[in-house]
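Undergrad: target26.csv is the file, holding CSV, C-alpha atoms:
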chain,number,residue,atom,x,y,z
A,1,MET,CA,127.1,179.7,-76.5
A,2,ARG,CA,127.6,177.1,-73.9
A,3,THR,CA,127.4,173.5,-75.2
A,4,ARG,CA,126.1,170.7,-73.1
A,5,PRO,CA,128.3,167.7,-72.6
A,6,PRO,CA,127.2,164.6,-74.6
A,7,ILE,CA,125.0,162.1,-72.9
A,8,HIS,CA,126.3,158.6,-72.9
A,9,TRP,CA,123.5,156.0,-72.7
A,10,ARG,CA,124.3,152.7,-71.1
A,11,SER,CA,122.8,149.7,-72.8
A,12,PRO,CA,120.9,147.5,-70.4
A,13,SER,CA,122.3,144.0,-69.7
A,14,PRO,CA,120.6,141.0,-71.3
A,15,ALA,CA,119.1,140.2,-67.9
A,16,GLY,CA,117.9,143.7,-67.6
A,17,ARG,CA,116.3,143.7,-71.1
A,18,PHE,CA,114.6,140.4,-70.2
A,19,ARG,CA,113.2,141.8,-67.0
A,20,ARG,CA,111.9,144.8,-68.8
A,21,TRP,CA,110.3,142.6,-71.5
A,22,CYS,CA,108.7,140.5,-68.8
A,23,TRP,CA,107.1,143.5,-67.3
A,24,LEU,CA,105.7,144.8,-70.6
A,25,ALA,CA,104.5,141.3,-71.5
A,26,CYS,CA,102.6,141.0,-68.2
A,27,LEU,CA,101.1,144.4,-68.7
A,28,THR,CA,100.0,143.6,-72.2
A,29,LEU,CA,98.4,140.2,-71.5
A,30,GLY,CA,97.1,141.3,-68.1
A,31,ILE,CA,94.7,143.7,-69.9
A,32,TYR,CA,94.0,141.5,-72.8
A,33,ALA,CA,90.6,139.6,-72.8
A,34,VAL,CA,89.7,136.9,-75.2
A,35,ALA,CA,86.5,137.8,-77.1
A,36,GLY,CA,83.6,135.6,-76.0
A,37,ALA,CA,85.5,134.1,-73.0
A,38,ASP,CA,84.0,133.5,-69.6
A,39,GLU,CA,85.4,134.9,-66.4
A,40,LEU,CA,85.2,134.0,-62.7
A,41,GLN,CA,86.7,135.6,-59.7
A,42,GLY,CA,87.6,134.0,-56.4
A,43,ARG,CA,90.3,133.2,-53.9
A,44,VAL,CA,92.9,130.6,-54.4
A,45,ILE,CA,92.5,128.0,-51.7
A,46,LYS,CA,94.8,125.3,-53.0
A,47,VAL,CA,97.9,125.0,-55.3
A,48,ALA,CA,98.2,121.4,-56.4
A,49,ASP,CA,101.3,121.8,-58.5
A,50,GLY,CA,103.0,124.3,-60.8
A,51,ASP,CA,100.0,124.7,-63.2
A,52,THR,CA,96.9,123.7,-61.2
A,53,VAL,CA,95.0,125.6,-58.5
A,54,THR,CA,91.6,125.6,-56.8
A,55,VAL,CA,89.6,128.8,-56.7
A,56,LEU,CA,86.7,129.4,-54.3
A,57,ASP,CA,84.2,131.9,-55.7
A,58,ALA,CA,81.8,134.3,-53.9
A,59,GLN,CA,79.1,131.6,-53.8
A,60,HIS,CA,81.5,129.3,-52.0
A,61,GLN,CA,81.8,127.0,-55.0
A,62,SER,CA,85.2,125.6,-55.7
A,63,HIS,CA,86.7,125.3,-59.2
A,64,VAL,CA,89.8,123.4,-60.2
A,65,ILE,CA,91.8,125.6,-62.7
A,66,ARG,CA,94.4,124.2,-65.1
A,67,LEU,CA,96.6,127.1,-66.1
A,68,GLY,CA,96.3,127.2,-69.9
A,69,GLY,CA,99.2,127.4,-72.3
A,70,ILE,CA,101.8,126.0,-69.9
A,71,ASP,CA,102.9,122.6,-68.6
A,72,ALA,CA,104.8,122.5,-65.3
A,73,PRO,CA,106.9,119.6,-64.1
A,74,GLU,CA,105.1,116.9,-62.1
A,75,LYS,CA,105.6,117.0,-58.4
A,76,SER,CA,107.6,113.8,-58.6
A,77,GLN,CA,109.9,115.3,-61.3
A,78,PRO,CA,113.0,117.3,-60.6
A,79,TYR,CA,111.9,121.0,-59.9
A,80,GLY,CA,108.3,119.9,-59.5
A,81,GLN,CA,108.1,121.1,-55.9
A,82,LYS,CA,109.9,124.3,-56.7
A,83,SER,CA,107.5,125.1,-59.6
A,84,LYS,CA,104.6,124.5,-57.2
A,85,ALA,CA,106.2,126.8,-54.6
A,86,HIS,CA,106.7,129.6,-57.1
A,87,LEU,CA,103.1,129.5,-58.2
A,88,SER,CA,101.9,129.2,-54.6
A,89,GLN,CA,103.9,132.3,-53.6
A,90,ALA,CA,102.3,134.2,-56.4
A,91,VAL,CA,98.6,133.2,-56.0
A,92,PHE,CA,97.8,131.3,-52.8
A,93,GLY,CA,95.3,133.2,-50.7
A,94,GLN,CA,95.0,135.8,-53.4
A,95,THR,CA,91.9,137.0,-55.2
A,96,VAL,CA,92.3,136.1,-58.9
A,97,THR,CA,90.4,136.5,-62.1
A,98,VAL,CA,90.2,133.4,-64.4
A,99,THR,CA,89.5,134.0,-68.1
A,100,PHE,CA,88.5,130.8,-69.9
A,101,ASP,CA,86.5,129.2,-72.7
A,102,LYS,CA,87.3,125.5,-72.2
A,103,ARG,CA,87.1,122.6,-69.8
A,104,ASP,CA,89.4,119.6,-70.2
A,105,ARG,CA,88.4,116.0,-70.2
A,106,TYR,CA,88.7,115.9,-66.4
A,107,GLY,CA,86.2,118.7,-66.0
A,108,ARG,CA,88.8,121.3,-65.0
A,109,ILE,CA,88.6,124.9,-66.2
A,110,VAL,CA,91.5,125.7,-68.5
A,111,GLY,CA,92.3,129.3,-68.6
A,112,GLN,CA,94.4,132.3,-67.8
A,113,VAL,CA,94.8,133.2,-64.1
A,114,ARG,CA,95.4,136.9,-63.4
A,115,VAL,CA,96.5,138.2,-60.0
A,116,ARG,CA,96.8,141.9,-59.4
A,117,GLY,CA,96.4,142.3,-63.2
A,118,GLU,CA,99.4,140.0,-64.0
A,119,ASP,CA,99.2,136.8,-66.0
A,120,ALA,CA,100.3,134.0,-63.5
A,121,ASN,CA,100.6,131.5,-66.4
A,122,LEU,CA,103.1,133.7,-68.1
A,123,ARG,CA,105.0,134.4,-64.9
A,124,GLN,CA,105.6,130.6,-64.5
A,125,LEU,CA,107.2,130.6,-67.9
A,126,GLN,CA,109.2,133.8,-67.3
A,127,ALA,CA,110.6,132.4,-64.1
A,128,GLY,CA,111.6,129.2,-65.8
A,129,TRP,CA,109.2,126.9,-63.9
A,130,ALA,CA,107.1,125.6,-66.8
A,131,TRP,CA,107.2,124.8,-70.5
A,132,HIS,CA,105.1,126.5,-73.1
A,133,TYR,CA,102.5,123.8,-73.9
A,134,LYS,CA,102.8,123.8,-77.6
A,135,GLN,CA,100.5,120.8,-78.1
A,136,TYR,CA,97.7,123.2,-77.3
A,137,GLN,CA,99.1,126.5,-78.6
A,138,ARG,CA,96.5,126.7,-81.4
A,139,GLU,CA,94.0,127.4,-78.6
A,140,GLN,CA,95.9,130.6,-77.8
A,141,THR,CA,95.6,133.9,-79.6
A,142,PRO,CA,98.6,134.8,-81.8
A,143,GLU,CA,99.6,137.5,-79.3
A,144,GLU,CA,99.6,135.0,-76.4
A,145,ARG,CA,101.4,132.3,-78.4
A,146,SER,CA,104.2,134.7,-79.4
A,147,VAL,CA,104.7,136.1,-75.8
A,148,TYR,CA,104.6,132.6,-74.2
A,149,GLU,CA,107.1,131.2,-76.7
A,150,ALA,CA,109.5,134.2,-76.1
A,151,ALA,CA,109.0,133.8,-72.3
A,152,GLU,CA,110.2,130.2,-72.3
A,153,GLN,CA,113.1,131.0,-74.6
A,154,GLY,CA,114.1,133.9,-72.4
A,155,ALA,CA,114.1,131.7,-69.3
A,156,ARG,CA,116.2,129.1,-71.1
A,157,GLU,CA,118.8,131.7,-72.3
A,158,ASN,CA,119.0,133.2,-68.8
A,159,HIS,CA,119.2,129.8,-67.1
A,160,LEU,CA,116.3,130.5,-64.8
A,161,GLY,CA,114.3,128.0,-62.8
A,162,LEU,CA,114.5,124.4,-64.2
A,163,TRP,CA,116.9,125.6,-66.9
A,164,GLN,CA,119.6,126.5,-64.4
A,165,GLY,CA,122.8,124.7,-64.6
A,166,GLN,CA,121.7,122.3,-67.3
A,167,GLY,CA,124.3,120.3,-69.2
A,168,PRO,CA,123.8,118.8,-72.7
A,169,ALA,CA,120.6,117.0,-71.6
A,170,SER,CA,117.6,119.1,-71.2
A,171,PRO,CA,115.1,118.3,-68.4
A,172,GLU,CA,112.4,115.8,-69.3
A,173,PRO,CA,109.2,117.6,-70.4
A,174,PRO,CA,106.2,116.6,-68.2
A,175,TRP,CA,104.2,115.3,-71.2
A,176,ALA,CA,107.1,113.0,-72.0
A,177,TYR,CA,107.4,112.0,-68.4
A,178,ARG,CA,103.6,111.2,-68.1
A,179,ALA,CA,103.7,109.2,-71.3
A,180,ARG,CA,106.7,107.2,-70.1
A,181,LEU,CA,105.0,106.5,-66.7
A,182,LYS,CA,101.8,105.4,-68.5
A,183,SER,CA,103.7,103.0,-70.7
A,184,GLU,CA,105.6,101.6,-67.7
A,185,HIS,CA,102.4,101.2,-65.7
A,186,GLN,CA,100.6,99.4,-68.6
A,187,THR,CA,103.2,96.7,-68.3
A,188,THR,CA,102.5,96.1,-64.6
A,189,PRO,CA,99.5,94.3,-63.1
A,190,HIS,CA,98.4,97.1,-60.8
A,191,HIS,CA,98.1,100.3,-62.9
A,192,ASP,CA,97.1,103.3,-60.9
A,193,ALA,CA,94.5,105.0,-63.1
A,194,SER,CA,94.5,108.1,-61.0
A,195,ARG,CA,98.0,109.1,-62.1
A,196,SER,CA,98.9,110.8,-65.4
A,197,SER,CA,95.8,113.0,-65.5
A,198,HIS,CA,97.6,116.3,-66.1
A,199,GLY,CA,97.1,117.1,-69.7
A,200,GLN,CA,94.6,119.5,-71.1
Render the structure in this file as structure tokens.

TA:
Amino acid sequence: MRTRPPIHWRSPSPAGRFRRWCWLACLTLGIYAVAGADELQGRVIKVADGDTVTVLDAQHQSHVIRLGGIDAPEKSQPYGQKSKAHLSQAVFGQTVTVTFDKRDRYGRIVGQVRVRGEDANLRQLQAGWAWHYKQYQREQTPEERSVYEAAEQGARENHLGLWQGQGPASPEPPWAYRARLKSEHQTTPHHDASRSSHGQ
């Protein structure tokens, strides 16, 4: 009887495993809907930064959307413009579905933005252009929280986005940056109240 030669499986590289995990995570969260959440659909007409977009719905009403669960660097921070560019490349001009159950204190919708079935919030984390916003992680489902945490960790380990080429000092998180600016502005006579309005 003729025997077949043994098959030798090659283990995927760490980067390959991370890319496969990213695809599975997007697929899982792309079809996941929060019970009782609202939805709106529309076209992205503006990308303000790496976690804020404006969506125009079918009734020609615009909605400012704060991507939930993540916090991207401010435009004035290192990597802020690159984070904005990455999100813009993914969603600008595209029809998106926004799943949400909250508005922040500035009236913005805070939710998950899906484009072609993929979670754009998660993709910002996977590419290394945002932090998992742990201050608000209790507002996420356990599944989302776990996937978002792993996405940030994977980007860090693979030196992606703002984690590339980092030395001992990590980049300053945007919430710390905003708090520092607020503290500095409070000590000056002309405080610009329009700044530092980025939290959820």

Undergrad: Given only C-alpha atoms as the basis, pick out the residue of A:Gly68, A:Gly93, A:Gly111, A:Pro174 nearest to Asp38 (chain A).

TA: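 Smallest distance to Asp38 (chain A) is found for A:Gly111.
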
Undergrad: Which residue gives the smallest distance to Val53 (chain A) among A:Trp163, A:Tyr106, A:Phe92, A:Trp129, with all atoms listed in the file counted?

TA: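 Going through A:Trp163, A:Tyr106, A:Phe92, A:Trp129 one by one, the smallest distance to Val53 (chain A) is for A:Phe92.
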
Undergrad: Here is a test: counting all atoms listed in the file, which residue of A:Gln112, A:Gln124, A:Gln59, A:Thr141 is nearest to Pro73 (chain A)?

TA: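 Among the listed residues, the smallest separation from Pro73 (chain A) belongs to A:Gln124.
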
Undergrad: Near region 61-67 of chain A, counting all atoms listed in the file, which residues have an atom at most 9 Å away, once you skip same-chain residues fewer than 5 positions from it, shown as a PyMOL selection string?

TA: chain A and resi 42+45-46+50-56+98+103-104+107-113+120-121+198-200

Undergrad: Give me, please, the distance in Å between CA of Tyr148 (chain A) and CA of Leu125 (chain A), quoted to one decimal.

TA: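 Distance between the two atoms: 7.1 Å.
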